[in-house]
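Just upload25.cif here, mmCIF, C-alpha atoms:
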data_final
loop_
_atom_site.label_atom_id
_atom_site.label_comp_id
_atom_site.auth_asym_id
_atom_site.auth_seq_id
_atom_site.Cartn_x
_atom_site.Cartn_y
_atom_site.Cartn_z
CA MET A 48 102.15 -26.57 -84.14
CA GLU A 49 104.73 -28.81 -85.84
CA LEU A 50 105.71 -30.21 -82.47
CA ILE A 51 102.12 -31.05 -81.48
CA LEU A 52 101.56 -32.90 -84.78
CA ASP A 53 104.83 -34.80 -84.29
CA ILE A 54 103.75 -35.83 -80.79
CA PHE A 55 100.37 -37.04 -82.12
CA THR A 56 102.18 -39.04 -84.82
CA GLY A 57 104.46 -40.55 -82.20
CA ILE A 58 101.53 -41.60 -80.02
CA CYS A 59 99.72 -43.16 -82.99
CA PHE A 60 102.85 -45.06 -84.10
CA PHE A 61 103.38 -46.26 -80.53
CA ILE A 62 99.84 -47.63 -80.21
CA GLY A 63 100.08 -49.19 -83.69
CA SER A 64 103.40 -50.90 -82.93
CA LEU A 65 102.07 -52.11 -79.59
CA SER A 66 99.02 -53.72 -81.19
CA ILE A 67 101.19 -55.33 -83.89
CA ILE A 68 103.56 -56.77 -81.26
CA ILE A 69 100.66 -58.09 -79.15
CA GLY A 70 99.07 -59.55 -82.30
CA ALA A 71 102.34 -61.27 -83.24
CA CYS A 72 102.61 -62.74 -79.72
CA GLY A 73 99.03 -63.95 -80.06
CA LEU A 74 99.82 -65.62 -83.39
CA ILE A 75 102.37 -67.82 -81.60
CA LYS A 76 100.63 -68.21 -78.27
CA LEU A 77 96.99 -69.00 -79.06
CA PRO A 78 96.00 -72.67 -79.33
CA ASP A 79 94.44 -73.35 -82.77
CA VAL A 80 93.91 -71.93 -86.29
CA PHE A 81 90.65 -70.19 -85.54
CA SER A 82 91.97 -68.42 -82.44
CA ARG A 83 95.08 -67.31 -84.31
CA ILE A 84 92.94 -65.62 -86.97
CA HIS A 85 91.71 -63.24 -84.26
CA ALA A 86 95.30 -62.18 -83.54
CA ALA A 87 95.92 -61.64 -87.26
CA GLY A 88 92.75 -59.57 -87.43
CA MET A 89 94.09 -57.39 -84.65
CA ILE A 90 97.23 -56.66 -86.68
CA ASP A 91 95.11 -55.90 -89.76
CA THR A 92 92.76 -53.44 -88.08
CA GLY A 93 94.46 -51.90 -85.04
CA GLY A 94 97.99 -51.85 -86.42
CA THR A 95 97.36 -50.46 -89.89
CA ALA A 96 94.62 -48.03 -88.80
CA PHE A 97 96.85 -46.34 -86.24
CA PHE A 98 99.85 -46.22 -88.59
CA ILE A 99 97.75 -44.60 -91.32
CA LEU A 100 96.31 -42.11 -88.80
CA GLY A 101 99.83 -41.19 -87.70
CA MET A 102 100.94 -40.64 -91.30
CA ILE A 103 97.86 -38.47 -91.96
CA PHE A 104 98.99 -36.16 -89.12
CA GLN A 105 102.27 -35.69 -90.99
CA THR A 106 100.87 -34.99 -94.47
CA GLY A 107 98.25 -32.41 -93.49
CA TRP A 108 95.56 -31.60 -96.07
CA SER A 109 96.81 -32.74 -99.47
CA LEU A 110 96.21 -35.37 -102.14
CA ILE A 111 98.51 -37.75 -100.25
CA THR A 112 96.00 -37.73 -97.37
CA VAL A 113 93.28 -38.91 -99.74
CA LYS A 114 95.56 -41.69 -100.99
CA LEU A 115 96.36 -42.78 -97.42
CA ILE A 116 92.64 -42.90 -96.58
CA LEU A 117 92.03 -44.96 -99.75
CA ILE A 118 94.76 -47.42 -98.66
CA GLY A 119 92.95 -47.73 -95.32
CA VAL A 120 89.59 -48.29 -97.05
CA PHE A 121 90.99 -51.03 -99.30
CA ILE A 122 92.66 -52.79 -96.36
CA PHE A 123 89.39 -52.64 -94.45
CA PHE A 124 87.57 -54.27 -97.38
CA THR A 125 90.13 -57.00 -98.12
CA SER A 126 91.36 -58.09 -94.67
CA PRO A 127 88.06 -59.69 -93.52
CA VAL A 128 87.90 -61.57 -96.83
CA THR A 129 91.32 -63.17 -96.28
CA SER A 130 90.41 -64.01 -92.66
CA HIS A 131 87.16 -65.60 -93.80
CA VAL A 132 88.90 -67.58 -96.57
CA THR A 133 91.43 -68.98 -94.07
CA ALA A 134 88.71 -69.95 -91.60
CA ASN A 135 86.45 -71.39 -94.29
CA LEU A 136 89.26 -73.52 -95.77
CA ALA A 137 90.06 -74.92 -92.33
CA ARG A 138 86.38 -75.82 -91.88
CA GLN A 139 86.23 -77.47 -95.31
CA LYS A 140 89.19 -79.68 -94.31
CA ASN A 141 87.01 -80.76 -91.37
CA ILE A 142 89.15 -79.09 -88.71
CA LEU A 143 86.79 -78.45 -85.80
CA PRO A 144 87.49 -75.49 -83.52
CA LEU A 145 88.50 -76.10 -79.91
CA GLY A 146 86.23 -75.18 -77.05
CA LYS A 147 82.48 -75.50 -76.62
CA LYS A 148 79.99 -75.52 -79.44
CA ILE A 149 76.64 -73.91 -78.79
CA GLY A 150 73.67 -75.30 -80.67
CA LYS A 151 73.87 -77.00 -84.03
CA ILE A 152 77.01 -76.26 -86.10
CA LEU A 153 76.70 -75.99 -89.87
CA MET B 85 71.20 -43.53 -114.33
CA LYS B 86 73.35 -45.99 -112.42
CA SER B 87 76.03 -45.97 -115.11
CA LEU B 88 76.17 -42.16 -114.81
CA ILE B 89 76.74 -42.45 -111.04
CA LEU B 90 79.46 -45.07 -111.63
CA PHE B 91 81.08 -42.77 -114.22
CA PHE B 92 81.25 -39.86 -111.79
CA ILE B 93 82.61 -42.06 -108.97
CA LEU B 94 85.36 -43.33 -111.29
CA LEU B 95 86.14 -39.82 -112.54
CA THR B 96 86.44 -38.48 -108.96
CA LEU B 97 88.80 -41.35 -108.15
CA TRP B 98 90.88 -40.58 -111.25
CA LEU B 99 91.15 -36.86 -110.41
CA LEU B 100 92.09 -37.58 -106.79
CA MET B 101 94.65 -40.23 -107.65
CA SER B 102 96.40 -38.51 -110.57
CA GLY B 103 96.99 -34.99 -109.21
CA HIS B 104 97.83 -33.68 -112.71
CA TYR B 105 95.25 -31.34 -114.17
CA SER B 106 96.48 -30.67 -117.72
CA ARG B 107 93.98 -30.90 -120.57
CA LEU B 108 95.48 -34.10 -122.02
CA ILE B 109 95.47 -36.04 -118.73
CA ILE B 110 91.87 -35.09 -117.88
CA SER B 111 90.62 -36.03 -121.35
CA LEU B 112 92.44 -39.37 -121.08
CA GLY B 113 90.74 -39.87 -117.70
CA ILE B 114 87.29 -39.13 -119.10
CA PHE B 115 87.92 -41.52 -121.99
CA SER B 116 89.11 -44.41 -119.79
CA CYS B 117 86.27 -43.94 -117.28
CA ALA B 118 83.72 -44.00 -120.11
CA PHE B 119 85.35 -47.15 -121.50
CA CYS B 120 85.20 -48.85 -118.06
CA VAL B 121 81.51 -47.97 -117.71
CA TYR B 122 80.86 -49.35 -121.22
CA VAL B 123 82.60 -52.66 -120.38
CA ALA B 124 80.73 -52.92 -117.07
CA LYS B 125 77.41 -52.25 -118.79
CA ARG B 126 78.11 -54.84 -121.49
CA GLY B 127 78.98 -57.37 -118.79
CA LYS B 128 75.69 -56.50 -116.96
CA LEU B 129 77.67 -55.67 -113.80
CA ILE B 130 75.83 -52.46 -112.95
CA ASP B 131 73.02 -53.55 -110.62
CA ASP B 132 72.25 -53.39 -106.90
CA GLU B 133 75.05 -55.84 -106.20
CA GLY B 134 77.75 -54.17 -108.28
CA LEU B 135 76.91 -50.65 -107.19
CA PRO B 136 75.09 -50.66 -103.82
CA ILE B 137 74.05 -47.01 -103.81
CA PHE B 138 71.24 -47.64 -101.30
CA PHE B 139 73.95 -47.83 -98.61
CA ILE B 140 75.23 -44.31 -99.21
CA PRO B 141 72.83 -42.13 -97.12
CA ARG B 142 73.52 -43.98 -93.84
CA LEU B 143 77.06 -45.15 -94.63
CA LEU B 144 79.03 -42.51 -92.66
CA ASN B 145 77.03 -43.11 -89.49
CA TYR B 146 77.59 -46.87 -89.75
CA ILE B 147 81.34 -46.53 -90.42
CA ILE B 148 81.83 -44.34 -87.33
CA TRP B 149 79.94 -46.86 -85.20
CA LEU B 150 81.95 -49.74 -86.69
CA LEU B 151 85.31 -48.01 -86.04
CA LYS B 152 84.30 -47.43 -82.40
CA GLU B 153 83.34 -51.10 -82.11
CA ILE B 154 86.66 -52.21 -83.69
CA LEU B 155 88.64 -50.06 -81.25
CA LYS B 156 86.77 -51.54 -78.27
CA SER B 157 87.22 -55.15 -79.34
CA ASN B 158 90.88 -54.53 -80.24
CA LEU B 159 91.45 -53.55 -76.61
CA SER B 160 89.66 -56.62 -75.25
CA THR B 161 91.47 -58.95 -77.70
CA ALA B 162 94.82 -57.52 -76.52
CA LYS B 163 93.72 -58.18 -72.93
CA VAL B 164 92.77 -61.78 -73.74
CA ILE B 165 96.11 -62.42 -75.48
CA ILE B 166 98.11 -60.99 -72.56
CA ASN B 167 96.05 -62.77 -69.88
CA GLY B 168 95.99 -66.04 -71.83
CA LYS B 169 92.39 -66.75 -70.76
CA VAL B 170 91.16 -68.24 -74.05
CA GLU B 171 87.83 -70.11 -74.02
CA PRO B 172 86.84 -70.31 -77.69
CA GLU B 173 83.25 -71.03 -78.62
CA THR B 174 81.40 -71.65 -81.85
CA PHE B 175 77.75 -70.85 -82.50
CA THR B 176 75.35 -69.87 -85.26
CA VAL B 177 73.46 -66.62 -85.74
CA LYS B 178 70.67 -65.69 -88.13
CA ALA B 179 71.06 -62.70 -90.43
CA SER B 180 67.91 -60.66 -90.98
CA GLN B 181 69.03 -58.76 -94.10
CA VAL B 182 67.25 -59.11 -97.45
CA THR B 183 69.93 -58.53 -100.11
CA ASP B 184 73.14 -60.51 -100.56
CA VAL B 185 75.32 -57.38 -100.39
CA ALA B 186 73.97 -56.54 -96.93
CA LYS B 187 74.56 -60.12 -95.74
CA VAL B 188 78.16 -59.94 -96.95
CA THR B 189 78.53 -56.57 -95.21
CA TYR B 190 77.27 -58.13 -91.98
CA ALA B 191 79.62 -61.12 -92.26
CA ASN B 192 82.56 -58.82 -93.07
CA SER B 193 81.73 -56.58 -90.12
CA ILE B 194 81.72 -59.60 -87.80
CA THR B 195 85.11 -60.67 -89.14
CA LEU B 196 86.54 -57.14 -89.06
CA THR B 197 85.98 -56.77 -85.31
CA PRO B 198 88.82 -58.77 -83.72
CA GLY B 199 87.63 -61.58 -81.48
CA THR B 200 84.89 -62.86 -83.80
CA VAL B 201 85.24 -64.58 -87.17
CA THR B 202 82.57 -65.84 -89.57
CA THR B 203 83.73 -69.33 -90.54
CA LYS B 204 80.87 -70.53 -92.72
CA MET B 205 77.67 -69.20 -94.16
CA GLU B 206 74.65 -70.94 -95.60
CA LYS B 207 71.77 -68.81 -96.93
CA ASP B 208 71.04 -66.62 -93.89
CA VAL B 209 72.72 -68.63 -91.12
CA PHE B 210 76.28 -67.70 -90.16
CA GLU B 211 78.63 -69.88 -88.15
CA VAL B 212 80.69 -67.61 -85.90
CA HIS B 213 83.83 -68.44 -83.92
CA ALA B 214 84.49 -66.23 -80.88
CA LEU B 215 87.59 -66.01 -78.73
CA ASN B 216 85.69 -65.68 -75.50
CA SER B 217 82.08 -65.78 -74.26
CA ASP B 218 82.09 -61.95 -73.97
CA PHE B 219 82.78 -61.58 -77.70
CA GLY B 220 80.15 -64.25 -78.39
CA ASN B 221 77.55 -62.38 -76.36
CA ASP B 222 78.32 -59.19 -78.30
CA VAL B 223 77.31 -60.94 -81.53
CA ARG B 224 74.37 -62.80 -80.00
CA THR B 225 72.70 -59.59 -78.80
CA ASN B 226 72.10 -58.87 -82.54
CA GLU B 227 73.12 -55.20 -82.18
CA MET B 228 75.32 -55.37 -85.27
CA ASP B 229 72.63 -57.30 -87.17
CA ASN B 230 70.09 -54.55 -86.47
CA LYS B 231 72.60 -51.87 -87.49
CA VAL B 232 73.30 -53.53 -90.85
CA THR B 233 69.58 -54.04 -91.49
CA TRP B 234 69.11 -50.32 -90.78
CA LEU B 235 72.02 -49.53 -93.12
CA GLU B 236 70.35 -51.58 -95.84
CA GLY B 237 67.10 -49.68 -95.34
CA LYS B 238 64.81 -52.19 -97.09
CA LYS B 239 62.65 -53.08 -94.07
#
Starting from the file, lay out its structure as structure tokens.
Amino acid sequence: MELILDIFTGICFFIGSLSIIIGACGLIKLPDVFSRIHAAGMIDTGGTAFFILGMIFQTGWSLITVKLILIGVFIFFTSPVTSHVTANLARQKNILPLGKKIGKIL
Amino acid sequence: MKSLILFFILLTLWLLMSGHYSRLIISLGIFSCAFCVYVAKRGKLIDDEGLPIFFIPRLLNYIIWLLKEILKSNLSTAKVIINGKVEPETFTVKASQVTDVAKVTYANSITLTPGTVTTKMEKDVFEVHALNSDFGNDVRTNEMDNKVTWLEGKK
């Protein structure tokens, strides 16, 4: 039983690390601010969610599990706000995104 | 009524976070939760916006759907980054929710799924930046909009 849980934790940590590495590559590789926010969003959601899931497999049913889930909930509430603030500030400085614009832009 | 609900939510949070169940600690918890509710009531913070309880009945269903959606778009964002086929596009969508909390929930959900970011909002029109036309089409089909309107439950 211990072994199975350890394997699940390993798989979760592997997927989490992979998505953080890909997100970090995207942060450098993608062309402009707005595209880079998508890569940062990937680190925020995919990376942290899988790491927290892996840690939950290790703790089992205890109060620490509840705390880990609460950490996940707070990250899920705050990360879109920071992304939106970054994007909105770039728009206020009149930086227009690359690529095509469909319809009328605000 | 609403302050009572807020009090019990805070008390549950206190009991889960502290993990000590002696008489002194619990009475301190009850006292501080009551004080927080009093301050919130004096500041007129307890309304539909401060405590959106109308979300609760359908919340679990929505969160499961959102997590599935996040997983899917995480995969496609990883693919786009590895392939390097980036064709960003910007467009506007209309939100059909009534309350401000639901609109914020919709905008946050768009931002939370990688590949789409809400860059600006004005009343009920959102400006959305997408990494690729596939991500853009996902938002433009209004599936998420309908889900959030259903979550709000006012129509």
Any idea which chain B residues end up within 7 Å of chain A if we count only C-alpha atoms, as an mmCIF file with C-alpha atoms, keeping the file's coordinate frame please?
data_model
loop_
_atom_site.group_PDB
_atom_site.id
_atom_site.type_symbol
_atom_site.label_atom_id
_atom_site.label_comp_id
_atom_site.auth_asym_id
_atom_site.auth_seq_id
_atom_site.Cartn_x
_atom_site.Cartn_y
_atom_site.Cartn_z
ATOM 1 C CA LEU B 100 92.090 -37.580 -106.790
ATOM 2 C CA MET B 101 94.650 -40.230 -107.650
ATOM 3 C CA ASN B 158 90.880 -54.530 -80.240
ATOM 4 C CA ALA B 162 94.820 -57.520 -76.520
ATOM 5 C CA ILE B 165 96.110 -62.420 -75.480
ATOM 6 C CA GLU B 171 87.830 -70.110 -74.020
ATOM 7 C CA PRO B 172 86.840 -70.310 -77.690
ATOM 8 C CA GLU B 173 83.250 -71.030 -78.620
ATOM 9 C CA THR B 174 81.400 -71.650 -81.850
ATOM 10 C CA PHE B 175 77.750 -70.850 -82.500
ATOM 11 C CA THR B 176 75.350 -69.870 -85.260
ATOM 12 C CA ASN B 192 82.560 -58.820 -93.070
ATOM 13 C CA THR B 195 85.110 -60.670 -89.140
ATOM 14 C CA LEU B 196 86.540 -57.140 -89.060
ATOM 15 C CA PRO B 198 88.820 -58.770 -83.720
ATOM 16 C CA GLY B 199 87.630 -61.580 -81.480
ATOM 17 C CA THR B 200 84.890 -62.860 -83.800
ATOM 18 C CA VAL B 201 85.240 -64.580 -87.170
ATOM 19 C CA THR B 202 82.570 -65.840 -89.570
ATOM 20 C CA THR B 203 83.730 -69.330 -90.540
ATOM 21 C CA LYS B 204 80.870 -70.530 -92.720
ATOM 22 C CA GLU B 211 78.630 -69.880 -88.150
ATOM 23 C CA LEU B 215 87.590 -66.010 -78.730
#
Find the residues near range 92-94 of chain B: any atom within 8 Å, counting all atoms listed in the file, skip ones fewer than 4 places away on the same chain, and give them as a ChimeraX atom specification. /B:88,98,117
Result set of the PyMOL selection byres ((chain A and resi 104) around 8) on the coordinates above, as a PyMOL selection string: chain A and resi 52-53+55-56+100-103+105-107
List the spatial neighbours of Asp131 in chain B as a PDB file with C-alpha atoms, in the coordinates of the input - criterion: any atom at most 12 Å away, all atoms listed in the file, same-chain residues fewer than 5 positions off excluded.
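Everything below was put into selection-v3.pdb:
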ATOM      1  CA  MET B  85      71.200 -43.530-114.330  1.00  0.00           C
ATOM      2  CA  LYS B  86      73.350 -45.990-112.420  1.00  0.00           C
ATOM      3  CA  SER B  87      76.030 -45.970-115.110  1.00  0.00           C
ATOM      4  CA  ILE B  89      76.740 -42.450-111.040  1.00  0.00           C
ATOM      5  CA  LEU B  90      79.460 -45.070-111.630  1.00  0.00           C
ATOM      6  CA  ALA B 124      80.730 -52.920-117.070  1.00  0.00           C
ATOM      7  CA  LYS B 125      77.410 -52.250-118.790  1.00  0.00           C
ATOM      8  CA  PRO B 136      75.090 -50.660-103.820  1.00  0.00           C
ATOM      9  CA  ILE B 137      74.050 -47.010-103.810  1.00  0.00           C
ATOM     10  CA  PHE B 138      71.240 -47.640-101.300  1.00  0.00           C
ATOM     11  CA  VAL B 185      75.320 -57.380-100.390  1.00  0.00           C
TER      12      VAL B 185
END
Could you tell me which of A:Met48, A:Ile99, A:Leu115, A:Ile142 comes closest to Gly63 in chain A if we count all atoms listed in the file? A:Ile99
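Taking CA of Phe91 in chain B and CA of Leu143 in chain B as the two end points, the separation is 20.1 Å.
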